[in-house]
Every structure is written in structure tokens, then in C-alpha cells.
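So the structure is just underneath, and the comments pick up after that.
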Amino acid sequence: MSDTNNLVMDLPVPSSLLDIGAQGLIGKPLSRSEGPLKVTGRATYSAEYAIPDLAYGYLVGAKFGRGKITRVDADAVRGLPGVIDVITDFATFIRNPQQGGESKAPAQGVKDVQYFGEIVAIVLAESYEAARDAGERLVVEYEEAEGRFDFEALKADSEKGTFNNIPGYFHQGDLDRAVADAHASVDVVYTTPSQNSAAMEPHASIAVWEEGTLTLYGSYQMPSSDKLQLAKALGVSAKKVRIIAVYIGGGFGSKLGVAPESVAAAVAAKQLGRPIKAVMTRPQVFETTVRRASTEQRVRFSVDAEARLTGVGHETKTSNLPGESFFEPAGVGTHFAYPGDNRVINHDIVRLNLLLAGSMRAPGEASGMMATEAALDELCHKIGLDPIEFWRRNEPKEAPEEKVPWSTRQLLRCMEEGAERFGWDVRNPEPAQVRDGEWLVGMGMAAAVRSNMLMKSAATVSIDPDGRATIATDMTDIGTGTYTILGQIAGELLGLPLDRISVNLGDTNSPPGAGSGGSWGAGSSGSSVYLACERLRERLAAAMGCVPDELTLKDGIATARNRQIALAELVGEGLEATGQIAPGDMETQRKQASYGAHFAEVGVNATTGEVRVRRMLGVFSAGRILNAKTARSQCLGGMTFGIGAALTEDLVHDPRNGKVVNHDLGEYHVPVNADVPQLEVHFLTERDQFANPLQAKGIGELGISGAGAAIGNAVFNATGIRVRDYPITLDKLLDQLPPI
Amino acid sequence: MHFTINGTLYQVEVDNRVSLLDLLREHLALTGSKKGCDHGQCGACTILINGRRINSCLSLAVMHQDDDITTIEGLGSPEDLHPLQAAFVSHDGYQCGYCTPGQICSAVGMLDELKKGWPSHVSPSLRDVDLNDDEISERMSGNICRCSAYPNIVDAIRDVAAAQA
Ligand code: FES
Ligand code: FES
């Protein structure tokens, strides 16, 4: 495209246009621009489009854990009132959802059942009720086969992880020797359970075919790669598939790749010649989307007499379906969070017939730091050192493996600032000493690290003859604030208030954006908007007869060389430019990550063992904060996921058939309002010129990283009990509580 | 059968299997009320029946002859927000927005319950009912927000309640 402003991040961007903008929007705690639509019920989510002639599809899953479908007795339900048809397409239906960002089709073929709940048929009817009734009655005959369901029993039989953001295996130096020679060390095993993202909006797709082209209204986080996956699965050209995902009721990783309802709806709609809506039931979300895999993590730390780390070991056993290369990369943060010359960071996969293991908010750091930051607390307790003092002695000057400089790293400052704000100095390091009525009270802290990523992303920005700007990209807003921050960036650079900017997201007819995942959304898609606006500023400057540096744009007026012209006038017939960012050398020349520190105070009931989070503070540094309000909300969300991970969330698989036993929100316990105190969030001022032109870094996953460990460490401080098997439920405390 | 929704009288014929939530969403194009679980476990479908909050997924449409039903669409519009809707916007009491209509309808019902002096699990006694953060959190715990806007939801409700008092 002629008017595309491309930037590959091969060099730092030391001065950002965001700092010279005159509109004053950047960093402000502005309310979400789509807010009024959301609070009045006018925001349209995938299942809510009014499509003429729509029929309902009800998904039917296998009720066994491993084997083959032998027959689907469709005739028995076809005659029921309102039922149109039963569609099975064993070859095309997808067996596993796809991982995020893949361009290939997911695993297909559902005659072969690999896990309990695998979607094998879709019942079509004129009403939801008729489809549901028939779906529940549909008899699916099968032959069961031997399956692998029990992690505990099968964990010795594993294979090495190959690559998932990090190599599956890594070693440096001689860890065993470091541990043997250490002044002190810990060698402990932590376990974390499977979890489900449990976004509030169940996965939903409406499939509409028109003249050989599919439009899928789907609740998806990454439309541009989801489109490729869907096209490949259906065997059609990607040009013939359009995905629309304007509002998404949360994702947290579960909607990164296409899930079974999309292909089932598309196949059925094509066969029937009518639009089909397929919405997963809540149990189906638990059984057939994605789980964060359970882990067993052996953590070793060794220190010398000055408490400096000499060795770091982090060996994880996790699980996934046969044929799936994804492994939970629990050691991803360990690679750079902790120094130490002797290192082992390994991942093994146990093949299990359980629903797909994939990304859930901060894959890797979320479960990994629950182990490492708790083990570090154990070490500090053992050597009688305050954890913040430990970090003072250990904070590395450069990335311990690649030996490259940090882009920025303010981990220690986050801790020191947090300690001050939280009142860490009053903590009694001796456990089980503080009592408040029937509650044993304790404090804990933990570090937070999350790698920063930049993804290829494009956006078009146009200025109309009436002086309004429009942003178009297939980037999504899954609650992250994209609508607002993209508007802020364009508003800042073009000198327009937010109400004169339209942000059109989630339509693959627009330029391909990075999608929402891996906390890269703001940095990547924000940079594409920045670059488009940079090009527009050049064009506006040319129209003003000046250079861009002389141009001031504010409130729709361009000012330069003592001349003032309204933007509307200046753009004539209108202007349009596309911006495109791509990762480059900065990815390897600097180690980029966001950092933080969590502080938690818990009360543990002296009699019942119930744990309540009383106070919690997160201090974070993540480059430039684009919107103080939505960034804070992202951190609140992450910290609350941390509370859930530490105390309540545990996806239980039946070891006999892999069935998710607690497949609904009544039995899978996500935190509710009363579980979450008035959390506090504080950001350090920072700019990261190596990350992107915005100098901003990811924030959506930083808040969960380490959060659970801070709570576990507080439970230890309160009670003297170290629970190494998350979540820390009261049954794990009860028999060890101090005498009343 | 007939009932009033957001001040409009509706006369409809419904399959007796249709839940009140599905009636709104699938038959009357009132998609503001959300379906998060269909099990009465998440609160996304909360609406007001004769002023009281209920989970509309747990109620059959045919049970509502002559009822006065209020959904999120009836509380306010983008141009004319209800005070709670405005407070949710200014306090960022949401992220993805999917639980939000249920949270707001629930908050309307909840504040009315508080006003009537109904105690909750955290009230010091059956008569001693006060508006504080613990009461708001406790009473709003039937509405799950996976995005976890809870602290902001409490802030928003506290603000509106204080202005009403
Ligand atoms: S949809 Fe009714 S409570 Fe969840
Ligand atoms: S705003 Fe997303 S679930 Fe509450």
C-alpha cells in the first residue's frame, strides 16, 4: 500500500510523539468510550445479532472419555416438533480448539473421541428449546477405548516439551553441584490444578453464508488468525471468511483460537442453507474449550553465604492431549526473573485424554510464579532474611542467560514502594504470631514478572471532510480498554477530542491487528494507530506548508507558523493512512518485561481454617500507562485471578474418564465480590523506548503473575503452615492449625 | 399471555419451556440481559420483577402473567443514564461488560432491599443494617464478574447509595 507507515522495531524510539501531542489525553483516567453502550445493554455480543431466518444449533458432546463413535441416532429426534435436522460431519468438526495465533486448522475428526465432552454433533431446530430437548435426547452410540486420564498415575510416562515461547529444556552450569556446595538451599515440589478462564460470556458463533462467503459473528480474541484457522478447517479460501467480534464478553485466553462451536455452526449453516446460532452451555465451556493445565513443579534455589543465588532449578511436569505441542511454560519467567549461574529449566508433557491445555491469562508466569515465589519465601524464611532484602542482594544487572541489558527493570523499586505503602515493616517475620479475634493474621509478598511481546499489527486511520477521525483494525477489545486507548492515541496525535473519533474493531474486513492475547494488544495495535497518525501528521504538515515538528494539533485545529486552520478544511476530501508495526531486533537486543510486586494480608480463621484476603496491593511498572483507569482495572482483574488461583479455583478431572467434575460456576469457584477486598494498585512512572513507539508495555497479565504466591506466603506467615498444593483450601490447613 | 416490560405492554404466546431470560433475548430482542450460565449461578441475567431482583434464567416466561418487568434497557439509555449506569461508567465498574447489566439491575434491587432494612449475612444483627462496603460486597456476591471489577463495582454503588441517602 502506498500510504502505509511501516516500522520494524530494530531501533529504540527515544522520543515518542505521545509526549508532544497537545490534546492531553494520554495517561488520563478516561472512562471507556463504549461504556454507555455496555451499561445500558446496547453493546452487541456475538450471540445477539438479529439475523433473519436464523435457526438454533445445540451442540452435543461425547459422554465418554476415549473411544469411537459408532452411530448417531439422528432419526429418533428428527421427528420432534421444531427439530430441523441433526448434523454430523465427523471429518470436518474440530476435535480440539486451536491455540492462539496459529494459521493452521485445529485437530479435526470427531469420530475419534479423545476427551470427555468432545463435540460430535449439532442439532438444528426452529427454537432454542426444541434444539436443546432434541440434543439432550440424542443417542450417540460408541465403543469405549482405554484412555489416559490420571496425571498422578501416569506422570512417570512423559515426553520432553520442545518449544512454547521458550525451549522445553534449558540448562546452564551445574545445578546439582551448586546445590551441593550451597550455604543454604531449598528443594520443594509445588502443584497447581487445572483451571478454566470462565469468561462470563460463553463461546458463541452465528454462521451466515452468502454466495459462498461465510460471515461468522464469533466471540474471538484474535480474528485475523481465527479467520485463517476457520477457513482451513472448512476447506475454503481465507478470502471467503469474515469474522466479526465487536464486543467480547471476556476471554482470558479461552477465545484465542477457534473453538468447536464455530466450525459446527458453519458446517450446519452451509448444509441447511440458513444462518445458525450455536452457543455453548456453561458446562460445554468447561468441557470443550481450553484449560490451564495442572502442573507439578520442582523448584530448587541455592545461595552462597551472602544469600546470593548460585543455582536455580525449575522443572515442570504438565499435560496435554496427544498431538498437541503446547505445554504450560511455567518456567518462562524463571529464565529472567532470577539470577544464578547454574540453571535448569525444564518442561515435560504427560499425554492425557483431557480437554485441550492452552493459554490462560499469563500462561507460564501465572502458575510458575505460584511455585517459584513461594519457594523463594521458604528460602528467605530458612536463612532469616526479609524477601525484599533478598532481592536487594540479588537484583541482576542484565538478563542472566542472554547477558543482554534490560530494556527497563524496576522490580526492586516496585517492592520498596509497595513495602512503604503497605506497611510491610510492621510484619512479624516469625509465623503465627499475630491474632485478631478469631483470625490468625499474616502478610506475604511476591515479585511479579511478565515478558513483554510485540506482534505484527496494522490499522487504518482516516480523517473525514467533517474533521472526524475513524480507526479501523480487526484488533479486539475483550474488556481490556482497546476502544478507549486507541482513541486516545489518535486523539493525542491528531488533536481531536475522543468524541470526534470512531474506533471500529473486530472485523476482519479491516486491516489485521495483533488480537488480544499475551498482553501485547495495547503496545502492538496502539503502535499501528500511532504510525498511521504519524503519517497523517506528515500529510497535514505538508498541507500547512510546514514540517511535522512545527505542527500543533489540538481540538480539531492545526496551528503552525502563526496560521490556524481547522482540520476539516485542511483534509479536503479526506485523508487516510495505514500504520503497521512489526517486532525487530529490539526483541533480542534487550530483555523486555513488565515488573511488579504484590503485597497481601490474609486472615486465617483459627478454628475453621477459612482464608480471607483482608488487604492487597500491587505496585507495577509497565512502561507508559496509556489510561490510568483501564490499566488499573486490568491489574485488579489479574490480582483477583491470583486470589482465585491461590484459594479457590480447581478444575477437577474424574480420574476414570477425564470428565470435568465441576463443570459450572456453582462448583468451579471463581472469586465473588465478597472474596475480594478493595484492592490497591499503584503504577511507577516509566517509559520503555525499546518496546514500541508508545514506550508502553503489557499489563493485562502482570497482575496475576506472582499474586497467588503473595497470598500463599501470607497464609504461611499467619499460620506457619506451608501448603504446596494449590489452591489453599481450608481442608489443607485444618489439621495443622496452631492450638487455639 | 401479557406482561409489562420497561413500561410497554407485551402480549405474546410462548412455548412453556422458554425461560424468562430466553424470552427476552431470543423472542423480544431485548439482549441487554445476559446469559452467563443458565443455571442461576452467575447473576448475568438479573432483572427486576415488580421491583425485586431475580435470576431470569431460573424462571419460566409463563410464570409472569401481569408482572411488571424491568430490564437494563428500561433503566436508562446511552443518552440518559440511570445514576447507577453513570457510576459504573465513571468508576470503571466493568471491563468486558458482559456481567454488567446483571450487576446494575442487581444493584438497583439490592439498594431497595437495604432501604427496607433487610439484613444480610454480614449485618451485625437482624435490625442493625447499615450501608457499608462489606454489606455491598456480600449482597452483590450473586453477580460474578470474571473480569473482576469488584472494587470498582463497590465504589460505584457506594457513590450512588450515598447520593440517594
Ligand atoms: S445466566 Fe442466570 S444466573 Fe447465570
Ligand atoms: S465486566 Fe467482564 S465479567 Fe464483569
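Following the order of the C-alpha cells, chains are lettered A, B, ..., residues in each are numbered from 1, and ligands are numbered from 1.
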
Using only C-alpha atoms and a cut-off of 7 Å, which residues of chain B sit close to chain A? Please list them as a VMD selection string.
chain B and resid 17 to 18 31 to 33 36 to 37 41 to 42 72 to 73 76 to 78 85 89 to 90 92 95 to 101 137 to 138 140 to 141 144 146 to 151

So which residues of range 352-547 of chain A fall under alpha helix (DSSP H) by DSSP, listed as a PyMOL selection string?
chain A and resi 365-383+387-394+411-422+482-494+521-544

If you count only C-alpha atoms and all ligand atoms, which residues end up within 7 Å of ligand 1, as a ChimeraX atom specification?
/B:34-46,55-58

Counting only C-alpha atoms, what is within 10 Å of range 118-128 of chain B, bar same-chain residues fewer than 5 positions away, as number ranges by chain?
B: 110, 112-113, 134-139

List the neighbours of Asp159 in chain B out to 10 Å using only C-alpha atoms; skip same-chain residues closer than 6 positions along the sequence, and give me the result as a list in words.
Pro83, Leu84, Ala87, Phe88, His91 and Ile153 of chain B

Write out, as a PDB file, in the first residue's frame, the residues just selected, with N, CA and C atoms.
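After the write, out-v7.pdb holds the following:
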ATOM      1  N   PRO B  83     -28.536   6.699  37.356  1.00  0.00           N
ATOM      2  CA  PRO B  83     -27.367   7.058  38.175  1.00  0.00           C
ATOM      3  C   PRO B  83     -26.390   5.888  38.375  1.00  0.00           C
ATOM      4  N   LEU B  84     -26.916   4.669  38.515  1.00  0.00           N
ATOM      5  CA  LEU B  84     -26.001   3.536  38.675  1.00  0.00           C
ATOM      6  C   LEU B  84     -25.232   3.248  37.383  1.00  0.00           C
ATOM      7  N   ALA B  87     -22.552   5.748  37.232  1.00  0.00           N
ATOM      8  CA  ALA B  87     -21.499   5.466  38.217  1.00  0.00           C
ATOM      9  C   ALA B  87     -20.636   4.286  37.768  1.00  0.00           C
ATOM     10  N   PHE B  88     -21.244   3.299  37.137  1.00  0.00           N
ATOM     11  CA  PHE B  88     -20.441   2.176  36.612  1.00  0.00           C
ATOM     12  C   PHE B  88     -19.476   2.675  35.534  1.00  0.00           C
ATOM     13  N   HIS B  91     -16.676   4.865  37.412  1.00  0.00           N
ATOM     14  CA  HIS B  91     -15.780   4.077  38.278  1.00  0.00           C
ATOM     15  C   HIS B  91     -15.172   2.874  37.568  1.00  0.00           C
ATOM     16  N   ILE B 153     -17.003  -1.834  41.303  1.00  0.00           N
ATOM     17  CA  ILE B 153     -18.452  -2.000  41.439  1.00  0.00           C
ATOM     18  C   ILE B 153     -18.886  -1.494  42.814  1.00  0.00           C
TER      19      ILE B 153
END

With a distance cut-off of 8 Å and only C-alpha atoms, select the neighbouring residues of Ile26 in chain A, excluding the residue or stretch itself and same-chain residues fewer than 3 positions from it, and output the selection as a list in words.
Leu18, Gln488, Ile489, Glu492, Leu626 and Asn627 of chain A
